[in-house]
$ cat my_file.txt   # compact mmCIF, C-alpha atoms
# COMPACT_ATOMS: atom_id res chain seq x y z
CA MET A 1 8.56 10.65 -11.57
CA LYS A 2 12.27 10.26 -12.23
CA PRO A 3 13.67 6.97 -10.86
CA TRP A 4 16.06 8.58 -8.41
CA MET A 5 13.21 10.58 -6.90
CA MET A 6 11.75 7.38 -5.49
CA ASN A 7 14.50 7.45 -2.84
CA LEU A 8 14.01 11.03 -1.68
CA ARG A 9 12.91 11.59 1.88
CA LYS A 10 9.63 13.45 1.56
CA ILE A 11 8.99 15.84 4.41
CA GLU A 12 6.92 18.97 4.85
CA PRO A 13 9.47 21.49 6.17
CA TYR A 14 9.08 23.95 8.99
CA VAL A 15 8.03 27.38 7.72
CA PRO A 16 9.80 30.22 9.57
CA GLY A 17 8.39 33.71 9.94
CA GLU A 18 8.75 35.94 6.91
CA GLN A 19 11.88 38.07 6.69
CA PRO A 20 10.86 41.12 4.62
CA LYS A 21 13.49 42.57 2.30
CA SER A 22 12.65 46.15 3.16
CA LEU A 23 13.85 47.71 6.40
CA HIS A 24 10.93 50.15 6.34
CA VAL A 25 8.46 47.84 8.02
CA THR A 26 7.14 47.31 11.52
CA LYS A 27 8.46 43.82 12.11
CA LEU A 28 6.61 42.03 14.91
CA ASN A 29 6.51 38.50 13.50
CA THR A 30 9.61 36.51 14.51
CA ASN A 31 10.09 37.28 18.23
CA GLU A 32 13.41 39.01 17.67
CA ASN A 33 14.61 41.46 20.29
CA PRO A 34 14.08 45.06 19.11
CA TYR A 35 17.14 46.34 20.99
CA PRO A 36 20.83 45.92 20.10
CA PRO A 37 23.00 43.29 21.78
CA ALA A 38 25.33 44.29 24.59
CA PRO A 39 27.89 46.92 23.46
CA GLY A 40 30.75 44.51 24.08
CA VAL A 41 29.44 42.20 21.37
CA ARG A 42 30.19 44.71 18.64
CA ARG A 43 33.64 45.34 20.12
CA ALA A 44 34.38 41.61 20.14
CA LEU A 45 33.44 41.34 16.47
CA ALA A 46 35.52 44.39 15.56
CA GLU A 47 38.54 42.86 17.30
CA MET A 48 38.44 39.56 15.41
CA THR A 49 41.96 38.68 14.26
CA ASP A 50 43.15 37.21 10.99
CA GLU A 51 44.20 34.09 12.90
CA GLN A 52 40.67 33.60 14.22
CA LEU A 53 39.26 33.87 10.71
CA ARG A 54 41.98 31.81 9.02
CA ARG A 55 41.94 28.82 11.35
CA TYR A 56 39.22 26.36 12.21
CA PRO A 57 37.49 27.26 15.49
CA ASP A 58 37.84 25.13 18.60
CA PRO A 59 35.53 22.14 17.98
CA ALA A 60 34.84 21.88 21.72
CA CYS A 61 33.84 25.59 21.79
CA MET A 62 35.54 25.72 25.16
CA VAL A 63 35.70 29.49 25.55
CA LEU A 64 31.91 29.76 25.17
CA THR A 65 31.20 26.56 27.07
CA ASP A 66 33.20 27.83 30.05
CA ALA A 67 31.50 31.24 29.96
CA ILE A 68 28.02 29.69 29.95
CA ALA A 69 29.00 27.25 32.70
CA ASP A 70 30.30 30.08 34.90
CA TYR A 71 27.23 32.22 34.23
CA HIS A 72 24.80 29.46 35.22
CA GLY A 73 26.90 27.96 38.00
CA VAL A 74 27.40 24.52 36.46
CA GLY A 75 30.39 22.50 35.32
CA ARG A 76 31.87 22.79 31.84
CA ASP A 77 30.96 19.13 31.33
CA GLN A 78 27.30 20.10 31.80
CA VAL A 79 27.14 22.50 28.83
CA PHE A 80 26.61 21.80 25.14
CA VAL A 81 26.57 24.61 22.56
CA GLY A 82 25.23 24.73 19.02
CA VAL A 83 24.23 26.91 16.10
CA GLY A 84 21.10 28.33 17.66
CA SER A 85 18.75 26.34 19.86
CA ASP A 86 17.30 24.71 16.72
CA ASP A 87 20.63 23.00 16.13
CA VAL A 88 20.85 21.97 19.77
CA LEU A 89 17.30 20.58 19.70
CA ALA A 90 17.89 18.70 16.45
CA VAL A 91 20.94 17.01 17.98
CA ALA A 92 18.87 16.20 21.06
CA PHE A 93 16.21 14.55 18.90
CA GLN A 94 18.86 12.37 17.24
CA THR A 95 20.57 11.57 20.53
CA PHE A 96 17.77 10.80 22.96
CA PHE A 97 14.61 9.85 21.08
CA ASN A 98 15.47 6.43 19.64
CA SER A 99 12.81 4.29 21.28
CA ASP A 100 9.90 2.43 19.69
CA LYS A 101 7.76 4.27 22.24
CA PRO A 102 6.36 7.67 21.19
CA LEU A 103 7.94 11.00 21.85
CA LEU A 104 5.40 13.26 23.60
CA PHE A 105 4.91 16.99 22.97
CA PRO A 106 1.93 19.39 23.02
CA ASP A 107 -0.47 19.61 20.10
CA ILE A 108 -0.03 23.38 20.09
CA SER A 109 3.67 24.07 20.38
CA TYR A 110 6.82 24.78 18.39
CA ALA A 111 6.07 23.37 14.93
CA PHE A 112 9.63 22.16 14.40
CA TYR A 113 9.11 19.29 16.88
CA GLU A 114 6.79 17.45 14.53
CA VAL A 115 9.08 18.16 11.57
CA TRP A 116 12.12 16.71 13.36
CA ALA A 117 10.13 13.68 14.52
CA LYS A 118 9.17 12.93 10.92
CA LEU A 119 12.62 13.72 9.55
CA PHE A 120 14.38 11.42 12.01
CA ARG A 121 11.58 8.83 11.87
CA ILE A 122 10.72 9.10 15.54
CA PRO A 123 7.26 7.89 16.62
CA TYR A 124 5.39 10.66 18.40
CA ARG A 125 2.13 11.71 20.02
CA ARG A 126 0.80 15.25 20.25
CA MET A 127 -0.81 15.77 23.64
CA PRO A 128 -3.79 18.19 23.59
CA LEU A 129 -3.61 21.35 25.63
CA THR A 130 -6.53 22.24 27.88
CA GLU A 131 -9.21 24.70 26.80
CA ASP A 132 -7.16 27.51 28.34
CA PHE A 133 -4.01 26.28 26.52
CA ARG A 134 -2.20 24.73 29.44
CA LEU A 135 -0.33 21.43 29.60
CA ARG A 136 -1.75 18.57 31.68
CA ALA A 137 0.94 16.88 33.74
CA GLU A 138 -0.94 13.56 33.74
CA ASP A 139 -0.67 13.40 29.93
CA TYR A 140 3.09 13.06 30.32
CA LYS A 141 2.95 10.29 32.91
CA THR A 142 2.31 7.57 30.39
CA GLU A 143 4.68 5.23 28.58
CA ASN A 144 6.90 7.24 26.26
CA GLY A 145 10.22 7.42 24.48
CA GLY A 146 10.92 11.00 25.56
CA ILE A 147 9.24 14.33 26.28
CA ILE A 148 9.81 17.83 24.94
CA PHE A 149 7.92 21.10 25.31
CA PRO A 150 8.69 24.82 25.47
CA ASN A 151 8.29 26.79 28.67
CA PRO A 152 6.89 29.39 28.14
CA ASN A 153 5.01 27.65 25.36
CA ALA A 154 4.92 28.99 21.82
CA PRO A 155 2.84 30.36 20.25
CA THR A 156 0.57 30.61 23.31
CA SER A 157 3.14 32.46 25.53
CA ILE A 158 1.89 30.61 28.64
CA LEU A 159 4.34 29.64 31.40
CA GLU A 160 4.12 26.52 33.55
CA PRO A 161 5.57 26.79 37.10
CA LEU A 162 8.78 25.05 38.09
CA GLU A 163 6.86 22.63 40.33
CA PHE A 164 4.94 21.45 37.25
CA ILE A 165 8.19 20.83 35.36
CA GLU A 166 9.70 18.90 38.25
CA ASP A 167 6.60 16.72 38.56
CA ILE A 168 6.94 15.61 34.93
CA VAL A 169 10.70 15.05 35.11
CA LYS A 170 10.42 13.13 38.37
CA SER A 171 7.64 10.94 36.92
CA ASN A 172 9.74 9.90 33.92
CA PRO A 173 13.07 8.52 35.20
CA ALA A 174 13.38 6.21 32.18
CA SER A 175 12.96 9.01 29.62
CA VAL A 176 14.88 12.13 28.70
CA VAL A 177 12.81 15.27 29.25
CA VAL A 178 13.83 18.34 27.22
CA ILE A 179 12.58 21.75 28.33
CA ASP A 180 12.90 24.35 25.58
CA GLU A 181 13.41 27.66 27.39
CA ALA A 182 13.78 30.03 24.44
CA TYR A 183 11.66 32.66 26.23
CA ILE A 184 12.37 31.94 29.89
CA ASP A 185 14.20 35.22 30.56
CA PHE A 186 11.05 37.27 29.99
CA GLY A 187 9.21 36.16 33.09
CA GLY A 188 9.80 32.56 34.10
CA GLU A 189 11.90 30.51 36.49
CA SER A 190 14.39 28.32 34.68
CA ALA A 191 14.50 24.57 35.25
CA ILE A 192 18.32 24.63 35.28
CA PRO A 193 18.50 24.20 39.10
CA LEU A 194 16.66 20.86 38.70
CA ILE A 195 19.62 19.47 36.74
CA GLU A 196 21.44 18.64 39.97
CA ARG A 197 18.58 16.36 41.09
CA TYR A 198 17.53 14.76 37.79
CA ASP A 199 20.02 13.29 35.34
CA ASN A 200 17.30 12.78 32.71
CA LEU A 201 16.62 16.52 32.30
CA VAL A 202 17.93 18.72 29.47
CA VAL A 203 17.33 22.48 29.49
CA VAL A 204 17.83 24.32 26.19
CA GLN A 205 18.20 28.09 25.87
CA THR A 206 19.11 30.55 23.12
CA TYR A 207 20.79 33.90 22.56
CA SER A 208 18.27 34.76 19.84
CA LYS A 209 15.57 36.33 22.00
CA SER A 210 16.67 37.89 25.27
CA ARG A 211 20.26 38.57 24.18
CA SER A 212 19.37 40.18 20.81
CA MET A 213 21.62 37.85 18.83
CA ALA A 214 19.34 35.88 16.50
CA GLY A 215 21.72 36.70 13.65
CA MET A 216 24.67 35.01 15.39
CA ARG A 217 22.91 31.65 15.92
CA ILE A 218 23.95 30.63 19.43
CA GLY A 219 22.11 28.08 21.51
CA PHE A 220 23.05 25.79 24.37
CA ALA A 221 21.87 22.91 26.51
CA ILE A 222 22.56 22.25 30.17
CA GLY A 223 22.27 18.77 31.65
CA SER A 224 24.11 16.07 33.51
CA PRO A 225 27.64 15.18 32.35
CA GLU A 226 26.26 11.94 30.86
CA ILE A 227 23.63 13.87 28.90
CA ILE A 228 26.19 16.33 27.53
CA ALA A 229 28.65 13.58 26.62
CA ALA A 230 25.91 11.86 24.60
CA LEU A 231 25.09 15.09 22.75
CA ASN A 232 28.75 15.67 21.92
CA ALA A 233 29.14 12.13 20.63
CA VAL A 234 26.39 12.73 18.08
CA LYS A 235 27.65 16.21 17.20
CA PHE A 236 31.21 15.00 16.55
CA SER A 237 29.84 12.17 14.42
CA TYR A 238 28.73 14.54 11.67
CA ASN A 239 30.24 18.01 12.16
CA SER A 240 33.06 18.94 14.51
CA TYR A 241 33.15 22.66 13.67
CA THR A 242 29.59 23.75 14.36
CA MET A 243 30.29 27.16 15.93
CA ASN A 244 32.25 29.83 14.07
CA ALA A 245 34.91 31.98 15.75
CA ALA A 246 32.85 35.16 15.61
CA ALA A 247 29.89 33.53 17.34
CA LEU A 248 32.16 32.12 20.05
CA SER A 249 33.70 35.53 20.80
CA ALA A 250 30.41 37.40 20.67
CA GLY A 251 28.70 34.78 22.81
CA VAL A 252 31.26 35.16 25.58
CA GLU A 253 31.06 38.95 25.53
CA ALA A 254 27.26 38.99 25.70
CA LEU A 255 27.34 37.33 29.13
CA LYS A 256 29.57 39.99 30.68
CA ASP A 257 27.14 42.93 30.75
CA GLU A 258 24.41 41.81 33.13
CA GLY A 259 23.17 45.34 33.72
CA TYR A 260 22.52 45.92 30.03
CA PHE A 261 20.86 42.51 29.73
CA ARG A 262 18.47 43.14 32.61
CA ASP A 263 17.65 46.62 31.36
CA CYS A 264 16.61 45.29 27.93
CA ILE A 265 14.51 42.55 29.51
CA GLY A 266 12.81 45.10 31.73
CA ARG A 267 12.00 47.39 28.83
CA ILE A 268 10.41 44.56 26.86
CA CYS A 269 8.38 43.35 29.83
CA ARG A 270 7.06 46.86 30.55
CA THR A 271 6.09 47.30 26.89
CA ARG A 272 4.42 43.88 26.98
CA GLU A 273 2.27 44.80 29.98
CA GLU A 274 1.28 48.08 28.37
CA ALA A 275 0.42 46.20 25.18
CA VAL A 276 -1.99 43.94 27.07
CA THR A 277 -3.85 47.03 28.29
CA ARG A 278 -3.79 48.90 25.00
CA LEU A 279 -4.93 45.89 23.00
CA ALA A 280 -7.74 45.21 25.47
CA GLU A 281 -8.97 48.74 24.87
CA LEU A 282 -9.11 47.88 21.17
CA GLY A 283 -11.17 44.75 21.79
CA PHE A 284 -8.36 42.17 21.81
CA SER A 285 -7.93 39.47 24.41
CA THR A 286 -4.52 37.99 25.20
CA THR A 287 -3.24 34.88 26.92
CA GLY A 288 -1.15 35.52 30.01
CA SER A 289 2.30 36.08 28.55
CA ALA A 290 5.67 35.30 30.13
CA ALA A 291 7.45 35.67 26.78
CA ASN A 292 8.41 38.52 24.44
CA PHE A 293 5.24 38.12 22.41
CA LEU A 294 1.48 38.02 22.84
CA CYS A 295 -1.10 35.62 21.47
CA VAL A 296 -4.07 37.88 20.68
CA SER A 297 -7.60 37.48 19.33
CA ASN A 298 -10.69 39.57 18.65
CA SER A 299 -14.00 37.77 18.27
CA GLU A 300 -15.29 40.46 15.92
CA LEU A 301 -12.40 40.23 13.46
CA ASP A 302 -11.19 37.56 11.06
CA ALA A 303 -7.59 36.90 12.12
CA GLY A 304 -6.47 35.76 8.68
CA ARG A 305 -7.85 38.84 7.00
CA LEU A 306 -6.38 41.09 9.68
CA PHE A 307 -2.99 39.44 9.19
CA ARG A 308 -3.11 40.15 5.45
CA ASP A 309 -4.31 43.72 5.93
CA LEU A 310 -1.56 44.41 8.44
CA ARG A 311 1.01 43.05 6.01
CA GLU A 312 -0.28 45.30 3.23
CA SER A 313 0.39 48.20 5.58
CA ASN A 314 3.94 46.93 6.23
CA ILE A 315 3.13 45.65 9.72
CA PHE A 316 4.29 42.06 10.05
CA VAL A 317 2.82 39.72 12.67
CA ARG A 318 2.48 35.91 12.66
CA TYR A 319 -0.62 33.93 11.73
CA PHE A 320 -1.04 30.17 12.14
CA ASP A 321 -3.92 28.80 10.08
CA LYS A 322 -4.34 25.74 12.28
CA PRO A 323 -7.04 24.32 14.55
CA ARG A 324 -7.54 26.39 17.73
CA LEU A 325 -5.12 29.05 16.44
CA ALA A 326 -6.92 30.29 13.33
CA ASP A 327 -8.66 33.08 15.27
CA LYS A 328 -5.41 34.37 16.78
CA LEU A 329 -2.33 36.37 15.86
CA ARG A 330 1.10 36.20 17.48
CA VAL A 331 2.55 39.65 18.03
CA THR A 332 6.19 40.16 18.99
CA ILE A 333 6.81 42.90 21.54
CA GLY A 334 8.71 45.65 19.74
CA THR A 335 9.86 49.07 20.84
CA PRO A 336 7.19 51.44 22.19
CA GLU A 337 7.37 53.27 18.86
CA GLN A 338 6.76 50.08 16.88
CA MET A 339 3.84 49.15 19.11
CA GLU A 340 2.28 52.59 18.58
CA VAL A 341 2.27 51.89 14.84
CA LEU A 342 0.33 48.69 15.52
CA TYR A 343 -2.13 50.38 17.88
CA GLY A 344 -2.72 53.17 15.38
CA PHE A 345 -3.51 50.72 12.62
CA LEU A 346 -5.86 48.68 14.80
CA GLN A 347 -7.71 51.78 15.98
CA GLY A 348 -8.35 52.84 12.40
CA TYR A 349 -9.11 49.26 11.37
CA ARG A 350 -11.83 48.85 13.96
CA GLN A 351 -13.45 52.09 12.85
CA SER A 352 -13.36 51.28 9.11

$ encode --input "my_file.txt" --output "structure tokens"
Amino acid sequence: MKPWMMNLRKIEPYVPGEQPKSLHVTKLNTNENPYPPAPGVRRALAEMTDEQLRRYPDPACMVLTDAIADYHGVGRDQVFVGVGSDDVLAVAFQTFFNSDKPLLFPDISYAFYEVWAKLFRIPYRRMPLTEDFRLRAEDYKTENGGIIFPNPNAPTSILEPLEFIEDIVKSNPASVVVIDEAYIDFGGESAIPLIERYDNLVVVQTYSKSRSMAGMRIGFAIGSPEIIAALNAVKFSYNSYTMNAAALSAGVEALKDEGYFRDCIGRICRTREEAVTRLAELGFSTTGSAANFLCVSNSELDAGRLFRDLRESNIFVRYFDKPRLADKLRVTIGTPEQMEVLYGFLQGYRQS
């Protein structure tokens, strides 16, 4: 080992879903929205001026912050924006989880949580889900240095009710509780209204899923003014210009077309419900999904082998070779046409 390598921070990185080079695939592996963003987004990008490109963007991202605040009915001092929800969450980890007590999150959840905890040297405990993959509120009523979990959870797709969220937040007044709502628009009730009653709550959302803008990298957090001020203090300590001008303009425009937004959500939810039925006919069970994906299994099939065989046929889904997940696949809800490709393969696969 070279001497300088002794000082490297050794960390096992998060592994994102595969992004195939070819466009001629059925891509159901990264929970992207199969429909285009609102029409106004493309117009906003086409109307970008030389001045917007030549100059640094507003470090406070005020045009987007104000638009999100207006949309959700909160103050501008209650909104923090970042380069996708991953950026927002990473800043939250650095800002709020600095105790000697452990950060708590589910044992089956977004894999980045454990990576960030190790990267930022935060003590943590992974709290086991129940046999039916639900969180136990009592697990989060113990001494801790913070709490984070997705709702709906990933990769299980299971939603916890708002009363459950409030119970945990209310029981932890000395800790910051972060609710990661990347998939909330597909069937859940957001915890944002709880912000007015609990100053220790942070709700994080993203444009990547429901607003079809994963490529623009826009995420945001909503919390009390004190929470947001703390996030900004950390952000401005290492990078003032986190959001580019194009993302700011596109992010504002995406919020203006509520009809288009609701139509896309409705189409995905209808396709999801049909997928539950069609997959059941093919011998697959699913967890109750409130997200834009399904967690599926078939007791007669090896999930790892099925994942590889699907990939060889240019159908991409997600497989997690981990305890309690190794018999399951995560399938993003695509267009009806994309889902038919999947059903057709599985029908032939079961008969082979």

$ atom_distance --input "my_file.txt" --atom1 "atom CA of Ser297 of chain A" --atom2 "atom CA of Gln19 of chain A"
23.2 Å

$ closest_residue --input "my_file.txt" --among "A:Leu89, A:Val203, A:Cys269, A:Val341" --to "Tyr110 of chain A" --atoms "all atoms listed in the file"
A:Leu89

$ closest_atom_pairs --input "my_file.txt" --of "segment 179-224 of chain A" --to "segment 53-73 of chain A" --cutoff "12 Å" --atoms "all atoms listed in the file" --output "JSON lines"
{"residue": "A:Ser190", "atom": "CA", "partner": "A:His72", "partner_atom": "CA", "distance": 10.5}
{"residue": "A:Ala191", "atom": "CA", "partner": "A:His72", "partner_atom": "CA", "distance": 11.4}
{"residue": "A:Ile192", "atom": "CA", "partner": "A:His72", "partner_atom": "CA", "distance": 8.1}
{"residue": "A:Pro193", "atom": "CA", "partner": "A:His72", "partner_atom": "CA", "distance": 9.1}
{"residue": "A:Ile195", "atom": "CA", "partner": "A:Gly73", "partner_atom": "CA", "distance": 11.3}
{"residue": "A:Glu196", "atom": "CA", "partner": "A:Gly73", "partner_atom": "CA", "distance": 11.0}
{"residue": "A:Val203", "atom": "CA", "partner": "A:His72", "partner_atom": "CA", "distance": 11.7}
{"residue": "A:Gln205", "atom": "CA", "partner": "A:Ile68", "partner_atom": "CA", "distance": 10.8}
{"residue": "A:Thr206", "atom": "CA", "partner": "A:Ile68", "partner_atom": "CA", "distance": 11.3}
{"residue": "A:Tyr207", "atom": "CA", "partner": "A:Ile68", "partner_atom": "CA", "distance": 11.2}
{"residue": "A:Ile218", "atom": "CA", "partner": "A:Leu64", "partner_atom": "CA", "distance": 9.9}
{"residue": "A:Gly219", "atom": "CA", "partner": "A:Ile68", "partner_atom": "CA", "distance": 10.4}
{"residue": "A:Phe220", "atom": "CA", "partner": "A:Ile68", "partner_atom": "CA", "distance": 8.4}
{"residue": "A:Ala221", "atom": "CA", "partner": "A:Ile68", "partner_atom": "CA", "distance": 9.8}
{"residue": "A:Ile222", "atom": "CA", "partner": "A:Ala69", "partner_atom": "CA", "distance": 8.5}
{"residue": "A:Gly223", "atom": "CA", "partner": "A:Ala69", "partner_atom": "CA", "distance": 10.9}

$ closest_residue --input "my_file.txt" --among "A:Ala275, A:Ile168, A:Leu248, A:Ala291" --to "Met339 of chain A" --atoms "only C-alpha atoms"
A:Ala275

$ residues_around --input "my_file.txt" --residues "Phe236 of chain A" --least-positions-apart "3" --cutoff "12 Å" --atoms "all atoms listed in the file" --output "VMD selection string"
chain A and resid 59 to 60 80 82 91 95 229 to 233 239 to 242

$ atom_distance --input "my_file.txt" --atom1 "atom CA of Glu131 of chain A" --atom2 "atom CA of Tyr349 of chain A"
29.0 Å

$ atom_distance --input "my_file.txt" --atom1 "atom CA of Tyr343 of chain A" --atom2 "atom CA of Leu23 of chain A"
19.9 Å

$ residues_around --input "my_file.txt" --residues "Pro323 of chain A" --least-positions-apart "3" --cutoff "10 Å" --atoms "all atoms listed in the file" --output "PDB file with C-alpha atoms, keeping the file's coordinate frame"
ATOM      1  CA  ASP A 107      -0.470  19.610  20.100  1.00  0.00           C
ATOM      2  CA  ILE A 108      -0.030  23.380  20.090  1.00  0.00           C
ATOM      3  CA  PHE A 320      -1.040  30.170  12.140  1.00  0.00           C
ATOM      4  CA  ALA A 326      -6.920  30.290  13.330  1.00  0.00           C
ATOM      5  CA  ASP A 327      -8.660  33.080  15.270  1.00  0.00           C
TER       6      ASP A 327
END

$ closest_residue --input "my_file.txt" --among "A:Gly259, A:Gly251, A:Gly283, A:Pro155" --to "Leu45 of chain A" --atoms "only C-alpha atoms"
A:Gly251

$ residues_around --input "my_file.txt" --residues "Ser313 of chain A" --least-positions-apart "5" --cutoff "9 Å" --atoms "only C-alpha atoms" --output "count of residues only"
3

$ closest_residue --input "my_file.txt" --among "A:Thr156, A:Ala137, A:Gln78, A:Pro13" --to "Phe112 of chain A" --atoms "only C-alpha atoms"
A:Pro13

$ closest_residue --input "my_file.txt" --among "A:Glu18, A:Asp263, A:Glu226, A:Glu163" --to "Arg318 of chain A" --atoms "all atoms listed in the file"
A:Glu18
